[in-house]
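K.L.:
One structure coming up, written as structure tokens, with questions to follow.
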Amino acid sequence: MVIDYRKKESKDQLFYVLAGLVFFFAFLKVVFPRYFKNLYSAFFQTSLRLKQTKEQLLQDKLASLLTNLLFVITVSLYAALVIRYEQWAQVSFWELVLYGALVLMTVYLGKYLFLLFSGWVFNSRDPAAGYVF
């Protein structure tokens with residue numbers, strides 16, 4: 001009787017990356033508590049106070065940049081996990097994460113530039129800026 005033993009793949013690196021993401025999010029919540037308070041309240045406020053909250057959120061550019069970075073890393077990790085699980089590509093896991101992050105950043109940069117351009121072309125910069133927000 002011939003038995004093929006399955007090779008165990010270590011997932012320690014993935015665990016530490018996910019733990020690092022959780023700690024990074026916790027760090028952001030501790031360092032920028034006002035930003036997160038304003039961000040959460042922006043979803044539940046009426047339009048009268050939304051303008052004031054929007055202006056407060058736009059002032060904190062570092063917190064916005066770091067949360068966008070967290071978003072890109074998280075989505076690229078998730079996409080890489082799905083691609084590996086479904087076996088759609090035979091590329092290493094960390095290359096998939098890198099490619100996913102690059103594709104996501106390219107798509108969002110293209111969307112941002114397209115919105116700025118369309119706001120300039122149609123002379124409606126304020127609605128385009130509101131959509132970008």
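Simple scheme: letters A, B, ... for chains in structure tokens order, numbers from 1 for residues in each chain, numbers from 1 for ligands in the order shown.
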Write out as a CSV table (one decimal) with all heavy atoms, in the first residue's frame the residues lying within 10 Å of region 31-37 of chain A, counting only C-alpha atoms and excluding same-chain residues fewer than 2 positions away.
P.N.:
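Output file around01.csv is given in full below:
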```
chain,number,residue,atom,x,y,z
A,25,PHE,N,-3.8,48.7,12.8
A,25,PHE,CA,-5.1,49.4,12.9
A,25,PHE,C,-5.3,49.9,14.3
A,25,PHE,O,-5.8,51.0,14.5
A,25,PHE,CB,-6.2,48.4,12.6
A,25,PHE,CG,-7.6,49.0,12.7
A,25,PHE,CD1,-8.0,50.0,11.8
A,25,PHE,CD2,-8.4,48.6,13.7
A,25,PHE,CE1,-9.2,50.5,11.9
A,25,PHE,CE2,-9.7,49.1,13.8
A,25,PHE,CZ,-10.1,50.1,12.9
A,26,ALA,N,-4.9,49.1,15.3
A,26,ALA,CA,-5.0,49.6,16.7
A,26,ALA,C,-4.1,50.8,17.0
A,26,ALA,O,-4.5,51.8,17.6
A,26,ALA,CB,-4.6,48.5,17.7
A,27,PHE,N,-2.9,50.8,16.4
A,27,PHE,CA,-2.0,52.0,16.5
A,27,PHE,C,-2.7,53.2,15.9
A,27,PHE,O,-2.7,54.3,16.5
A,27,PHE,CB,-0.7,51.7,15.8
A,27,PHE,CG,0.2,52.9,15.7
A,27,PHE,CD1,0.9,53.3,16.8
A,27,PHE,CD2,0.4,53.5,14.5
A,27,PHE,CE1,1.8,54.4,16.7
A,27,PHE,CE2,1.2,54.6,14.4
A,27,PHE,CZ,1.9,55.1,15.5
A,28,LEU,N,-3.3,53.1,14.7
A,28,LEU,CA,-4.0,54.2,14.1
A,28,LEU,C,-5.2,54.7,14.9
A,28,LEU,O,-5.4,55.9,15.0
A,28,LEU,CB,-4.5,53.8,12.7
A,28,LEU,CG,-3.5,53.6,11.6
A,28,LEU,CD1,-4.1,53.1,10.3
A,28,LEU,CD2,-2.7,54.8,11.4
A,29,LYS,N,-5.9,53.8,15.5
A,29,LYS,CA,-7.0,54.2,16.4
A,29,LYS,C,-6.6,54.9,17.6
A,29,LYS,O,-7.2,55.8,18.1
A,29,LYS,CB,-7.9,53.0,16.8
A,29,LYS,CG,-8.8,52.6,15.6
A,29,LYS,CD,-10.1,52.0,16.0
A,29,LYS,CE,-10.8,52.5,17.1
A,29,LYS,NZ,-12.2,52.8,16.9
A,39,LEU,N,-14.7,60.0,11.2
A,39,LEU,CA,-15.0,59.1,10.1
A,39,LEU,C,-16.3,58.3,10.3
A,39,LEU,O,-17.1,58.2,9.4
A,39,LEU,CB,-13.8,58.2,9.9
A,39,LEU,CG,-13.9,57.3,8.7
A,39,LEU,CD1,-13.9,58.1,7.4
A,39,LEU,CD2,-12.7,56.3,8.7
A,40,TYR,N,-16.4,57.8,11.5
A,40,TYR,CA,-17.6,57.0,11.8
A,40,TYR,C,-18.9,57.9,11.9
A,40,TYR,O,-19.9,57.5,11.5
A,40,TYR,CB,-17.5,56.2,13.2
A,40,TYR,CG,-16.4,55.2,13.1
A,40,TYR,CD1,-15.5,55.0,14.2
A,40,TYR,CD2,-16.3,54.3,12.0
A,40,TYR,CE1,-14.6,54.0,14.1
A,40,TYR,CE2,-15.3,53.4,11.9
A,40,TYR,CZ,-14.4,53.2,13.0
A,40,TYR,OH,-13.5,52.2,13.0
A,41,SER,N,-18.7,59.1,12.4
A,41,SER,CA,-19.9,59.9,12.5
A,41,SER,C,-20.3,60.5,11.2
A,41,SER,O,-21.4,60.9,11.0
A,41,SER,CB,-19.7,61.1,13.5
A,41,SER,OG,-18.6,61.9,13.1
A,42,ALA,N,-19.4,60.5,10.2
A,42,ALA,CA,-19.7,61.0,8.8
A,42,ALA,C,-20.8,60.2,8.2
A,42,ALA,O,-21.5,60.6,7.3
A,42,ALA,CB,-18.5,61.1,8.0
A,53,THR,N,-17.8,68.0,9.2
A,53,THR,CA,-17.1,66.7,9.5
A,53,THR,C,-16.2,66.4,8.3
A,53,THR,O,-15.0,66.0,8.5
A,53,THR,CB,-18.1,65.6,9.7
A,53,THR,OG1,-19.0,65.9,10.7
A,53,THR,CG2,-17.3,64.3,10.0
A,56,GLN,N,-13.1,68.5,8.6
A,56,GLN,CA,-12.2,68.0,9.6
A,56,GLN,C,-11.5,66.8,9.2
A,56,GLN,O,-10.3,66.6,9.5
A,56,GLN,CB,-13.0,67.7,10.9
A,56,GLN,CG,-13.6,68.9,11.6
A,56,GLN,CD,-14.5,68.6,12.8
A,56,GLN,OE1,-14.8,67.4,12.9
A,56,GLN,NE2,-14.9,69.5,13.5
A,57,LEU,N,-12.1,65.9,8.4
A,57,LEU,CA,-11.5,64.7,7.9
A,57,LEU,C,-10.4,65.1,6.9
A,57,LEU,O,-9.4,64.4,6.8
A,57,LEU,CB,-12.5,63.8,7.3
A,57,LEU,CG,-13.4,63.0,8.3
A,57,LEU,CD1,-14.5,62.3,7.6
A,57,LEU,CD2,-12.5,62.0,9.2
A,58,LEU,N,-10.7,66.1,6.1
A,58,LEU,CA,-9.7,66.4,5.0
A,58,LEU,C,-8.5,67.1,5.6
A,58,LEU,O,-7.4,67.1,4.9
A,58,LEU,CB,-10.4,67.4,4.0
A,58,LEU,CG,-11.4,66.7,3.1
A,58,LEU,CD1,-12.1,67.8,2.2
A,58,LEU,CD2,-10.8,65.7,2.2
A,59,GLN,N,-8.5,67.6,6.8
A,59,GLN,CA,-7.4,68.2,7.4
A,59,GLN,C,-6.3,67.2,7.9
A,59,GLN,O,-5.2,67.5,7.9
A,59,GLN,CB,-7.8,69.1,8.6
A,59,GLN,CG,-8.5,70.4,8.1
A,59,GLN,CD,-9.0,71.2,9.3
A,59,GLN,OE1,-8.9,70.7,10.5
A,59,GLN,NE2,-9.7,72.3,9.1
A,60,ASP,N,-6.8,66.0,8.2
A,60,ASP,CA,-5.9,65.0,8.8
A,60,ASP,C,-5.4,64.1,7.6
A,60,ASP,O,-5.9,63.0,7.5
A,60,ASP,CB,-6.6,64.2,9.9
A,60,ASP,CG,-5.6,63.7,10.9
A,60,ASP,OD1,-4.4,63.8,10.6
A,60,ASP,OD2,-6.0,63.2,11.9
A,61,LYS,N,-4.4,64.6,6.9
A,61,LYS,CA,-4.0,63.8,5.7
A,61,LYS,C,-3.2,62.6,6.0
A,61,LYS,O,-3.2,61.6,5.3
A,61,LYS,CB,-3.2,64.8,4.8
A,61,LYS,CG,-4.1,65.9,4.2
A,61,LYS,CD,-3.4,66.6,3.1
A,61,LYS,CE,-4.2,67.7,2.6
A,61,LYS,NZ,-5.4,67.4,2.0
A,62,LEU,N,-2.4,62.6,7.1
A,62,LEU,CA,-1.6,61.5,7.4
A,62,LEU,C,-2.4,60.3,7.8
A,62,LEU,O,-2.2,59.2,7.4
A,62,LEU,CB,-0.6,61.8,8.6
A,62,LEU,CG,0.3,60.7,9.0
A,62,LEU,CD1,1.2,60.2,7.9
A,62,LEU,CD2,1.2,61.2,10.2
A,63,ALA,N,-3.5,60.6,8.6
A,63,ALA,CA,-4.3,59.5,9.1
A,63,ALA,C,-5.1,58.9,7.8
A,63,ALA,O,-5.2,57.7,7.7
A,63,ALA,CB,-5.4,60.0,10.1
A,64,SER,N,-5.5,59.7,6.9
A,64,SER,CA,-6.1,59.3,5.7
A,64,SER,C,-5.2,58.4,4.9
A,64,SER,O,-5.6,57.3,4.4
A,64,SER,CB,-6.6,60.5,4.9
A,64,SER,OG,-7.2,60.0,3.7
A,67,THR,N,-4.7,55.0,6.6
A,67,THR,CA,-5.8,54.1,6.5
A,67,THR,C,-6.0,53.6,5.1
A,67,THR,O,-6.4,52.4,4.9
A,67,THR,CB,-7.1,54.8,7.0
A,67,THR,OG1,-7.3,56.0,6.3
A,67,THR,CG2,-7.1,55.0,8.5
```
K.L.:
Between region 7-72 of chain A and region 81-101 of chain A, at 10 Å or less, what are the per-residue closest atom pairs and their distances in Å? Count only C-alpha atoms, order by chain and rising residue number, and return it as a Markdown table.
P.N.:
```
| residue | atom | partner | partner_atom | distance |
| --- | --- | --- | --- | --- |
| A:Leu14 | CA | A:Phe93 | CA | 9.7 |
| A:Leu69 | CA | A:Ala101 | CA | 9.5 |
| A:Phe71 | CA | A:Ala101 | CA | 9.6 |
| A:Val72 | CA | A:Ala101 | CA | 5.9 |
```
K.L.:
Could you write those residues out with N, CA, C and O atoms, as a PDB file, in the first residue's frame?
P.N.:
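Listing of selection.pdb after writing:
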```pdb
ATOM      1  N   LEU A  14       2.020  34.355   7.429  1.00  0.00           N
ATOM      2  CA  LEU A  14       0.693  34.946   7.238  1.00  0.00           C
ATOM      3  C   LEU A  14       0.087  35.341   8.574  1.00  0.00           C
ATOM      4  O   LEU A  14      -0.526  36.416   8.698  1.00  0.00           O
ATOM      5  N   LEU A  69      -3.460  53.019   3.115  1.00  0.00           N
ATOM      6  CA  LEU A  69      -2.419  52.008   3.031  1.00  0.00           C
ATOM      7  C   LEU A  69      -2.881  50.696   3.679  1.00  0.00           C
ATOM      8  O   LEU A  69      -2.672  49.612   3.128  1.00  0.00           O
ATOM      9  N   PHE A  71      -5.938  49.710   3.935  1.00  0.00           N
ATOM     10  CA  PHE A  71      -6.946  49.150   3.028  1.00  0.00           C
ATOM     11  C   PHE A  71      -6.286  48.396   1.878  1.00  0.00           C
ATOM     12  O   PHE A  71      -6.684  47.266   1.561  1.00  0.00           O
ATOM     13  N   VAL A  72      -5.287  48.990   1.262  1.00  0.00           N
ATOM     14  CA  VAL A  72      -4.626  48.359   0.120  1.00  0.00           C
ATOM     15  C   VAL A  72      -3.958  47.049   0.538  1.00  0.00           C
ATOM     16  O   VAL A  72      -4.089  46.025  -0.139  1.00  0.00           O
TER      17      VAL A  72
END
```
K.L.:
Quick one, how far is CA of Val132 (chain A) from CA of Lys111 (chain A)?
P.N.:
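Atom-to-atom, CA of Val132 (chain A) to CA of Lys111 (chain A), that is 8.9 Å.
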K.L.:
Give me, please, the distance in Å between CA of Glu55 (chain A) and CA of Ala129 (chain A), quoted to one decimal.
P.N.:
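Computing it gives 11.8 Å between the two atoms.
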K.L.:
Figure out the distance between CA of Leu66 (chain A) and CA of Trp120 (chain A), please, to one decimal in Å.
P.N.:
27.7 Å
K.L.:
Fewer than 6 positions away in the same chain doesn't count, so skip those; otherwise give me all residues within 10 Å of Arg125 (chain A), counting only C-alpha atoms, as an MDAnalysis selection string.
P.N.:
chainID A and resid 115:119 131
